[in-house]
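**Student:** Structure file entry.pdb, PDB, C-alpha atoms, is pasted below:
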MODEL        1
ATOM      1  CA  MET A 143      17.351  27.700  22.800
ATOM      2  CA  THR A 144      19.625  24.650  22.822
ATOM      3  CA  LYS A 145      21.716  23.638  19.833
ATOM      4  CA  ASP A 146      19.598  21.254  17.772
ATOM      5  CA  THR A 147      22.042  19.215  15.713
ATOM      6  CA  PHE A 148      21.140  16.578  13.152
ATOM      7  CA  LYS A 149      23.919  14.101  12.529
ATOM      8  CA  ILE A 150      23.916  10.854  10.551
ATOM      9  CA  ALA A 151      27.095   8.790  10.887
ATOM     10  CA  ASP A 152      29.821  11.402  10.259
ATOM     11  CA  LYS A 153      27.604  13.857   8.379
ATOM     12  CA  SER A 154      26.174  16.968  10.048
ATOM     13  CA  LEU A 155      23.073  18.276   8.318
ATOM     14  CA  LYS A 156      21.351  21.637   8.589
ATOM     15  CA  SER A 157      18.043  20.442   7.159
ATOM     16  CA  ARG A 158      16.014  17.555   8.549
ATOM     17  CA  LEU A 159      14.345  17.124   5.175
ATOM     18  CA  ILE A 160      15.967  14.652   2.775
ATOM     19  CA  VAL A 161      14.597  14.561  -0.752
ATOM     20  CA  GLY A 162      14.681  12.062  -3.586
ATOM     21  CA  THR A 163      15.681  12.872  -7.147
ATOM     22  CA  GLY A 164      13.361  10.581  -9.117
ATOM     23  CA  LYS A 165      10.014  11.113 -10.879
ATOM     24  CA  TYR A 166      10.578  14.748 -11.874
ATOM     25  CA  LYS A 167       9.922  15.988 -15.424
ATOM     26  CA  ASN A 168      13.602  16.723 -15.948
ATOM     27  CA  PHE A 169      16.826  17.468 -14.066
ATOM     28  CA  SER A 170      16.153  21.202 -14.149
ATOM     29  CA  GLU A 171      12.935  20.728 -12.195
ATOM     30  CA  THR A 172      14.752  18.360  -9.832
ATOM     31  CA  ALA A 173      17.392  20.974  -9.059
ATOM     32  CA  LYS A 174      14.826  23.742  -8.505
ATOM     33  CA  ALA A 175      12.786  21.537  -6.154
ATOM     34  CA  VAL A 176      15.876  20.532  -4.170
ATOM     35  CA  GLN A 177      16.866  24.179  -3.823
ATOM     36  CA  ALA A 178      13.357  25.165  -2.688
ATOM     37  CA  SER A 179      13.315  22.326  -0.138
ATOM     38  CA  GLY A 180      16.466  23.553   1.587
ATOM     39  CA  ALA A 181      17.675  19.945   1.781
ATOM     40  CA  ASP A 182      21.394  19.298   1.944
ATOM     41  CA  MET A 183      21.069  15.559   1.275
ATOM     42  CA  VAL A 184      19.458  13.890  -1.748
ATOM     43  CA  THR A 185      18.945  10.227  -2.553
ATOM     44  CA  VAL A 186      20.093   8.824  -5.877
ATOM     45  CA  ALA A 187      18.959   5.481  -7.289
ATOM     46  CA  VAL A 188      22.233   3.947  -8.435
ATOM     47  CA  ARG A 189      20.564   1.455 -10.777
ATOM     48  CA  ARG A 190      18.865   4.288 -12.661
ATOM     49  CA  VAL A 191      21.909   6.529 -13.050
ATOM     50  CA  ASN A 192      23.029   7.161 -16.623
ATOM     51  CA  ILE A 193      26.694   6.188 -16.866
ATOM     52  CA  LEU A 194      26.816   4.925 -20.460
ATOM     53  CA  ASP A 195      25.164   7.490 -22.753
ATOM     54  CA  LYS A 196      27.348  10.603 -22.587
ATOM     55  CA  LYS A 197      24.959  12.472 -24.880
ATOM     56  CA  LYS A 198      22.257  12.498 -22.205
ATOM     57  CA  PRO A 199      22.363  14.881 -19.218
ATOM     58  CA  ILE A 200      23.337  13.565 -15.811
ATOM     59  CA  LEU A 201      22.229  14.639 -12.353
ATOM     60  CA  THR A 202      25.601  16.070 -11.381
ATOM     61  CA  ASP A 203      25.246  18.631 -14.194
ATOM     62  CA  TYR A 204      22.447  20.164 -12.110
ATOM     63  CA  LEU A 205      23.318  19.281  -8.500
ATOM     64  CA  ASN A 206      26.898  19.684  -7.335
ATOM     65  CA  PRO A 207      27.927  16.710  -5.140
ATOM     66  CA  LYS A 208      30.498  18.984  -3.495
ATOM     67  CA  LYS A 209      27.726  21.240  -2.214
ATOM     68  CA  ILE A 210      25.015  18.708  -1.476
ATOM     69  CA  ILE A 211      25.346  15.206  -0.026
ATOM     70  CA  PHE A 212      24.490  12.434  -2.472
ATOM     71  CA  LEU A 213      23.008   9.363  -0.799
ATOM     72  CA  PRO A 214      23.187   6.343  -3.143
ATOM     73  CA  ASN A 215      20.273   3.963  -2.661
ATOM     74  CA  THR A 216      19.324   0.496  -3.847
ATOM     75  CA  ALA A 217      15.869   1.307  -5.235
ATOM     76  CA  GLY A 218      14.655  -1.557  -7.415
ATOM     77  CA  CYS A 219      16.653  -4.280  -5.655
ATOM     78  CA  PHE A 220      14.744  -7.412  -4.627
ATOM     79  CA  SER A 221      17.572  -9.473  -3.150
ATOM     80  CA  SER A 222      20.567  -9.049  -0.904
ATOM     81  CA  GLU A 223      22.875  -9.885  -3.809
ATOM     82  CA  GLU A 224      21.449  -7.109  -5.991
ATOM     83  CA  ALA A 225      21.641  -4.553  -3.187
ATOM     84  CA  LEU A 226      25.220  -5.430  -2.250
ATOM     85  CA  ARG A 227      26.384  -5.293  -5.856
ATOM     86  CA  THR A 228      24.702  -1.911  -6.350
ATOM     87  CA  LEU A 229      26.269  -0.275  -3.306
ATOM     88  CA  ARG A 230      29.698  -1.704  -4.007
ATOM     89  CA  LEU A 231      29.385  -0.160  -7.472
ATOM     90  CA  ALA A 232      28.432   3.182  -5.885
ATOM     91  CA  ARG A 233      31.560   3.051  -3.748
ATOM     92  CA  GLU A 234      33.705   2.350  -6.804
ATOM     93  CA  MET A 235      32.031   5.116  -8.821
ATOM     94  CA  GLY A 236      32.135   7.922  -6.282
ATOM     95  CA  GLY A 237      33.745   6.684  -3.107
ATOM     96  CA  TRP A 238      30.415   6.787  -1.281
ATOM     97  CA  LYS A 239      30.285   4.960   2.041
ATOM     98  CA  LEU A 240      27.157   6.557   3.501
ATOM     99  CA  VAL A 241      24.362   4.722   1.673
ATOM    100  CA  LYS A 242      20.676   3.946   1.847
ATOM    101  CA  LEU A 243      19.733   0.278   1.781
ATOM    102  CA  GLU A 244      16.368  -0.976   0.627
ATOM    103  CA  VAL A 245      15.677  -4.585  -0.301
ATOM    104  CA  LEU A 246      12.113  -4.939  -1.542
ATOM    105  CA  GLY A 247       9.905  -7.964  -1.019
ATOM    106  CA  ASP A 248       7.530  -7.790  -3.975
ATOM    107  CA  LYS A 249       6.607  -5.458  -6.812
ATOM    108  CA  LYS A 250       3.011  -4.884  -5.704
ATOM    109  CA  THR A 251       3.517  -3.534  -2.169
ATOM    110  CA  LEU A 252       7.230  -2.605  -2.357
ATOM    111  CA  TYR A 253       7.418  -3.561   1.311
ATOM    112  CA  PRO A 254      10.936  -4.288   2.532
ATOM    113  CA  ASN A 255      12.057  -7.898   2.777
ATOM    114  CA  MET A 256      13.367  -7.692   6.312
ATOM    115  CA  ILE A 257      15.219 -11.011   6.253
ATOM    116  CA  GLU A 258      17.274  -9.880   3.257
ATOM    117  CA  THR A 259      17.547  -6.344   4.676
ATOM    118  CA  ILE A 260      19.056  -7.478   7.978
ATOM    119  CA  LYS A 261      21.379  -9.859   6.143
ATOM    120  CA  SER A 262      22.576  -7.062   3.847
ATOM    121  CA  THR A 263      23.039  -4.610   6.716
ATOM    122  CA  LYS A 264      25.366  -7.005   8.534
ATOM    123  CA  ILE A 265      27.558  -7.475   5.455
ATOM    124  CA  LEU A 266      27.690  -3.786   4.508
ATOM    125  CA  VAL A 267      28.629  -2.690   8.029
ATOM    126  CA  LYS A 268      31.456  -5.243   8.075
ATOM    127  CA  GLU A 269      32.666  -3.793   4.761
ATOM    128  CA  GLY A 270      32.869  -0.302   6.243
ATOM    129  CA  PHE A 271      29.652   1.201   4.894
ATOM    130  CA  LYS A 272      27.520   3.588   6.958
ATOM    131  CA  VAL A 273      24.054   2.215   6.288
ATOM    132  CA  MET A 274      20.735   4.035   6.491
ATOM    133  CA  VAL A 275      18.088   1.313   6.290
ATOM    134  CA  TYR A 276      14.567   1.388   4.854
ATOM    135  CA  CYS A 277      12.449  -0.944   6.962
ATOM    136  CA  THR A 278       8.983  -1.870   8.178
ATOM    137  CA  ASP A 279       7.535  -0.090  11.207
ATOM    138  CA  ASP A 280       8.146  -3.124  13.425
ATOM    139  CA  PRO A 281      10.006  -1.973  16.586
ATOM    140  CA  LEU A 282      11.623  -5.388  17.132
ATOM    141  CA  LEU A 283      13.085  -5.533  13.636
ATOM    142  CA  ALA A 284      14.147  -1.881  13.836
ATOM    143  CA  LYS A 285      16.086  -2.720  17.013
ATOM    144  CA  LYS A 286      17.659  -5.685  15.228
ATOM    145  CA  LEU A 287      18.928  -3.345  12.514
ATOM    146  CA  GLU A 288      20.414  -0.978  15.068
ATOM    147  CA  ASP A 289      22.062  -3.866  16.921
ATOM    148  CA  ASN A 290      23.684  -4.875  13.631
ATOM    149  CA  GLY A 291      25.223  -1.455  13.092
ATOM    150  CA  ALA A 292      22.686   0.564  11.075
ATOM    151  CA  SER A 293      23.531   4.282  11.097
ATOM    152  CA  ALA A 294      19.883   5.321  10.734
ATOM    153  CA  ILE A 295      16.528   3.570  10.928
ATOM    154  CA  MET A 296      14.052   4.497   8.163
ATOM    155  CA  PRO A 297      10.618   3.035   8.849
ATOM    156  CA  LEU A 298       7.902   3.465   6.247
ATOM    157  CA  ALA A 299       4.897   5.651   6.981
ATOM    158  CA  SER A 300       2.891   3.654   4.413
ATOM    159  CA  PRO A 301       3.709   1.942   1.093
ATOM    160  CA  ILE A 302       6.198   3.685  -1.207
ATOM    161  CA  GLY A 303       4.542   6.295  -3.401
ATOM    162  CA  SER A 304       1.091   5.737  -1.872
ATOM    163  CA  GLY A 305       0.727   9.174  -0.298
ATOM    164  CA  LEU A 306      -1.313   7.648   2.541
ATOM    165  CA  GLY A 307       0.689   9.317   5.288
ATOM    166  CA  LEU A 308       1.490   7.832   8.702
ATOM    167  CA  GLN A 309      -0.640   4.745   9.247
ATOM    168  CA  ASN A 310       0.861   3.578  12.540
ATOM    169  CA  LYS A 311       1.982   6.417  14.787
ATOM    170  CA  ILE A 312       2.211   4.074  17.784
ATOM    171  CA  ASN A 313       4.882   1.864  16.192
ATOM    172  CA  ILE A 314       6.826   4.850  14.891
ATOM    173  CA  SER A 315       6.777   6.341  18.403
ATOM    174  CA  LEU A 316       8.054   3.069  19.885
ATOM    175  CA  ILE A 317      10.918   2.979  17.373
ATOM    176  CA  ILE A 318      11.846   6.577  18.219
ATOM    177  CA  LYS A 319      11.883   5.906  21.979
ATOM    178  CA  GLN A 320      14.121   2.842  21.718
ATOM    179  CA  SER A 321      16.575   4.069  19.083
ATOM    180  CA  LYS A 322      19.961   5.635  19.733
ATOM    181  CA  VAL A 323      20.509   6.354  16.036
ATOM    182  CA  PRO A 324      18.447   8.786  13.919
ATOM    183  CA  VAL A 325      14.937   7.702  12.964
ATOM    184  CA  ILE A 326      13.845   9.057   9.582
ATOM    185  CA  VAL A 327      10.373   8.359   8.247
ATOM    186  CA  ASP A 328      10.694   7.125   4.682
ATOM    187  CA  ALA A 329       7.965   6.305   2.150
ATOM    188  CA  GLY A 330       4.258   7.030   2.010
ATOM    189  CA  ILE A 331       4.232  10.690   3.047
ATOM    190  CA  GLY A 332       1.579  12.458   0.948
ATOM    191  CA  THR A 333       1.544  16.101   1.913
ATOM    192  CA  ALA A 334       3.290  18.664   4.083
ATOM    193  CA  SER A 335       1.085  18.092   7.131
ATOM    194  CA  ASP A 336       2.152  14.418   7.171
ATOM    195  CA  ALA A 337       5.744  15.554   7.568
ATOM    196  CA  THR A 338       4.778  17.871  10.411
ATOM    197  CA  ILE A 339       3.066  14.993  12.227
ATOM    198  CA  ALA A 340       6.146  12.783  11.810
ATOM    199  CA  MET A 341       8.387  15.502  13.210
ATOM    200  CA  GLU A 342       6.019  16.199  16.116
ATOM    201  CA  LEU A 343       6.263  12.519  17.064
ATOM    202  CA  GLY A 344       9.997  13.061  17.514
ATOM    203  CA  CYS A 345      11.398  11.739  14.248
ATOM    204  CA  ASP A 346      14.843  13.074  13.459
ATOM    205  CA  GLY A 347      13.901  13.691   9.840
ATOM    206  CA  VAL A 348      11.759  12.708   6.880
ATOM    207  CA  LEU A 349      12.600  11.564   3.369
ATOM    208  CA  ILE A 350      10.285  12.766   0.596
ATOM    209  CA  ASN A 351      10.200  12.053  -3.125
ATOM    210  CA  SER A 352       6.813  11.265  -4.686
ATOM    211  CA  ALA A 353       4.879  13.812  -2.618
ATOM    212  CA  ILE A 354       6.980  16.591  -4.119
ATOM    213  CA  ALA A 355       7.712  15.261  -7.606
ATOM    214  CA  ASN A 356       4.119  14.135  -8.292
ATOM    215  CA  SER A 357       2.455  17.299  -7.013
ATOM    216  CA  LYS A 358       0.982  19.848  -9.422
ATOM    217  CA  LYS A 359       3.615  22.415  -8.450
ATOM    218  CA  PRO A 360       6.742  20.565  -7.269
ATOM    219  CA  ILE A 361       8.831  23.643  -6.459
ATOM    220  CA  LEU A 362       6.077  25.143  -4.317
ATOM    221  CA  MET A 363       5.442  21.781  -2.646
ATOM    222  CA  ALA A 364       9.156  21.456  -1.861
ATOM    223  CA  LYS A 365       8.993  24.808  -0.073
ATOM    224  CA  ALA A 366       5.880  23.624   1.803
ATOM    225  CA  PHE A 367       7.756  20.547   3.048
ATOM    226  CA  LYS A 368      10.693  22.680   4.118
ATOM    227  CA  ASP A 369       8.402  24.799   6.290
ATOM    228  CA  ALA A 370       6.447  21.769   7.546
ATOM    229  CA  VAL A 371       9.544  19.958   8.782
ATOM    230  CA  ILE A 372      10.848  23.061  10.562
ATOM    231  CA  SER A 373       7.446  23.691  12.144
ATOM    232  CA  GLY A 374       7.041  20.077  13.266
ATOM    233  CA  ARG A 375      10.509  19.988  14.787
ATOM    234  CA  ASN A 376       9.925  23.242  16.673
ATOM    235  CA  SER A 377       6.590  21.922  17.930
ATOM    236  CA  PHE A 378       8.285  18.765  19.210
ATOM    237  CA  LEU A 379      11.026  20.735  20.958
ATOM    238  CA  ALA A 380       8.487  23.118  22.501
ATOM    239  CA  GLY A 381       6.486  20.260  24.041
ATOM    240  CA  ARG A 382       2.759  20.065  23.416
ATOM    241  CA  MET A 383       0.176  20.943  26.041
ATOM    242  CA  LYS A 384      -1.388  18.172  28.102
ATOM    243  CA  MET A 385      -4.574  16.765  26.592
ATOM    244  CA  ASN A 386      -7.702  16.783  28.735
ATOM    245  CA  ASN A 387     -11.116  15.162  28.404
ATOM    246  CA  PHE A 388     -12.871  18.326  29.603
ATOM    247  CA  ALA A 389     -12.714  22.002  28.764
ATOM    248  CA  SER A 390     -10.304  24.300  30.515
ATOM    249  CA  PRO A 391     -10.897  28.087  30.298
ATOM    250  CA  SER A 392      -8.126  30.057  28.651
ATOM    251  CA  SER A 393      -8.860  33.121  30.812
ATOM    252  CA  PRO A 394      -8.125  33.272  34.599
ATOM    253  CA  SER A 395     -11.060  32.396  36.845
ATOM    254  CA  SER A 396      -9.931  34.672  39.687
ATOM    255  CA  GLY A 397     -10.421  38.414  39.865
ATOM    256  CA  LEU A 398     -13.576  38.435  37.737
ATOM    257  CA  ILE A 399     -15.605  41.647  37.551
TER
ENDMDL
END
Represent the structure from my file as structure tokens, please.
**Tutor:**
Amino acid sequence: MTKDTFKIADKSLKSRLIVGTGKYKNFSETAKAVQASGADMVTVAVRRVNILDKKKPILTDYLNPKKIIFLPNTAGCFSSEEALRTLRLAREMGGWKLVKLEVLGDKKTLYPNMIETIKSTKILVKEGFKVMVYCTDDPLLAKKLEDNGASAIMPLASPIGSGLGLQNKINISLIIKQSKVPVIVDAGIGTASDATIAMELGCDGVLINSAIANSKKPILMAKAFKDAVISGRNSFLAGRMKMNNFASPSSPSSGLI
């Protein structure tokens, strides 16, 4: 067995599963799901963080940022200006430089606005941020992001929160083959088998939120995703058998009685 490391920018991760912290019933459920997932990185929507009402609980009461990597993201931003302001605020609040950028195009599809996304990536990289970028599954635009300094490429599997799974395995495969930075499928994963498929394609990791938080049993589903990601990665490393159009007997044809 060779050492199978997973590194994003200057962070070394043990788990290839990254989980979100939104949509859960409460912070207690969030913490239990994160623990069950085995993830050592979680995304946090900066614009939805409670920093004003000290009477309400905050995420860090349940997840220790010294033990798990917090990844601030720009969920809910529809322009470069909003995204830049949000991540600069995150850096001021907690010193975070490794961030997740998403600049959405419209409220119906929540598809990324790639013009604004590329523009924002350029600026953030110049300001010293390590940027993980949510993007479309277009190989040309993914390469553009990498050329402009993105630390990780995060193509969508399907629309955010849709649960439709991977809709374009060919494009995802092309992005994986051309990229020298980690490729992490983000958005649209619906169930554990979707994550396995993404990992078998050769993705470096997957990011899951809705599929866990919106399931009937989030803690159990988090465990399912943990196992699915490990299984998919091992399957990729093992190398699948060659596919054939005709049957091939599993028993030897020589030495028959």
**Student:** Using the chain letters and numbers from the file, give me the residues hit by the PyMOL selection byres ((chain A and resi 292) around 12), as JSON, numbers by chain.
**Tutor:** {"A": [150, 151, 240, 241, 242, 243, 259, 260, 261, 262, 263, 264, 265, 266, 267, 268, 270, 271, 272, 273, 274, 275, 276, 277, 283, 284, 285, 286, 287, 288, 289, 290, 291, 293, 294, 295, 296, 321, 322, 323, 324, 325]}
**Student:** Write out as a PyMOL selection string each polymer residue whose atoms come within 8 Å of Phe212 of chain A, counting all atoms listed in the file; drop sequence neighbours fewer than 4 positions from it.
**Tutor:** chain A and resi 183-186+207
**Student:** Check what the PyMOL selection byres ((chain A and resi 378) around 7) selects in the file above and give those residues as JSON, numbers by chain.
**Tutor:** {"A": [341, 342, 343, 344, 374, 375, 376, 377, 379, 380, 381]}
**Student:** Given all atoms listed in the file as the basis, pick out the residue of A:Gly305, A:Gly347, A:Pro297, A:Pro214 nearest to Arg158 of chain A.
**Tutor:**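 Checking each of A:Gly305, A:Gly347, A:Pro297, A:Pro214 against Arg158 of chain A, counting all atoms listed in the file, the winner is A:Gly347.
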**Student:** Pick out the closest residue to Leu308 of chain A from this set: A:Thr338, A:Thr163, A:Ser170, A:Gln320. Count all atoms listed in the file.
**Tutor:**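 Between A:Thr338, A:Thr163, A:Ser170, A:Gln320, the residue approaching Leu308 of chain A most closely is A:Thr338.
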**Student:** Using all atoms listed in the file, find the one residue out of A:Phe367, A:Ala389, A:Ala334, A:Lys239 that sits nearest to Asp152 of chain A.
**Tutor:**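 Closest to Asp152 of chain A of all the choices is A:Lys239.
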**Student:** How big is the axis-aligned box around all listed atoms of segment 360-368 of chain A once 6 Å goes on each side, and where's its centre, in Å to one decimal, as JSON?
**Tutor:**
{"center_x": 8.1, "center_y": 22.8, "center_z": -1.6, "size_x": 17.3, "size_y": 16.6, "size_z": 23.4}
**Student:** Let me make sure I understand: among A:Ile317, A:Cys345, A:Ile354, A:Ile339, which one has the smallest atom-to-atom distance to Gly303 of chain A if we use all atoms listed in the file?
**Tutor:**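 Comparing A:Ile317, A:Cys345, A:Ile354, A:Ile339 against Gly303 of chain A, the winner is A:Ile354.
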**Student:** Pick from A:Ala173, A:Ile326, A:Ser392, A:Lys149: nearest to Val371 of chain A, with only C-alpha atoms counted?
**Tutor:**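 Of A:Ala173, A:Ile326, A:Ser392, A:Lys149, the one nearest Val371 of chain A is A:Ile326, counting only C-alpha atoms.
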**Student:** Could you tell me which of A:Asn255, A:Ser373, A:Gln177, A:Thr202 comes closest to Ser335 of chain A if we count only C-alpha atoms?
**Tutor:** A:Ser373
**Student:** Quick one, how far is atom CA of Ser304 of chain A from atom CA of Pro199 of chain A?
**Tutor:** 28.9 Å
**Student:** Do you have the atom CA of Val245 of chain A-atom CA of Gln309 of chain A distance handy?
**Tutor:**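 It comes out at 21.1 Å.
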**Student:** Need the shell around Ile331 of chain A: protein/DNA/RNA residues with any atom at most 10 Å away, counting only C-alpha atoms. Skip same-chain ones fewer than 5 positions apart. Format as a VMD selection string?
**Tutor:** chain A and resid 298 to 309 336 to 337 340 348 to 354
**Student:** Once the PyMOL selection byres ((chain A and resi 249) around 12) has been applied to the shown file, what residues remain in the selection, as a ChimeraX atom specification?
**Tutor:** /A:217-220,245-248,250-255,301-302
**Student:** For C-alpha atoms, I'd like the residues from the last selection saved as an mmCIF file, in the frame of the given file.
**Tutor:**
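Listed below is the output, out_32.cif:
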data_model
loop_
_atom_site.group_PDB
_atom_site.id
_atom_site.type_symbol
_atom_site.label_atom_id
_atom_site.label_comp_id
_atom_site.auth_asym_id
_atom_site.auth_seq_id
_atom_site.Cartn_x
_atom_site.Cartn_y
_atom_site.Cartn_z
ATOM 1 C CA ALA A 217 15.869 1.307 -5.235
ATOM 2 C CA GLY A 218 14.655 -1.557 -7.415
ATOM 3 C CA CYS A 219 16.653 -4.280 -5.655
ATOM 4 C CA PHE A 220 14.744 -7.412 -4.627
ATOM 5 C CA VAL A 245 15.677 -4.585 -0.301
ATOM 6 C CA LEU A 246 12.113 -4.939 -1.542
ATOM 7 C CA GLY A 247 9.905 -7.964 -1.019
ATOM 8 C CA ASP A 248 7.530 -7.790 -3.975
ATOM 9 C CA LYS A 250 3.011 -4.884 -5.704
ATOM 10 C CA THR A 251 3.517 -3.534 -2.169
ATOM 11 C CA LEU A 252 7.230 -2.605 -2.357
ATOM 12 C CA TYR A 253 7.418 -3.561 1.311
ATOM 13 C CA PRO A 254 10.936 -4.288 2.532
ATOM 14 C CA ASN A 255 12.057 -7.898 2.777
ATOM 15 C CA PRO A 301 3.709 1.942 1.093
ATOM 16 C CA ILE A 302 6.198 3.685 -1.207
#
**Student:** Could you pull the residues within 6 Å of Ser222 of chain A, counting only C-alpha atoms, minus those fewer than 2 positions along the same chain, as a PyMOL selection string?
**Tutor:** chain A and resi 224-225+258+262
**Student:** Distance atom CA of Thr147 of chain A-atom CA of Gly330 of chain A, one decimal place?
**Tutor:**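 For atom CA of Thr147 of chain A relative to atom CA of Gly330 of chain A, the distance reads 25.5 Å.
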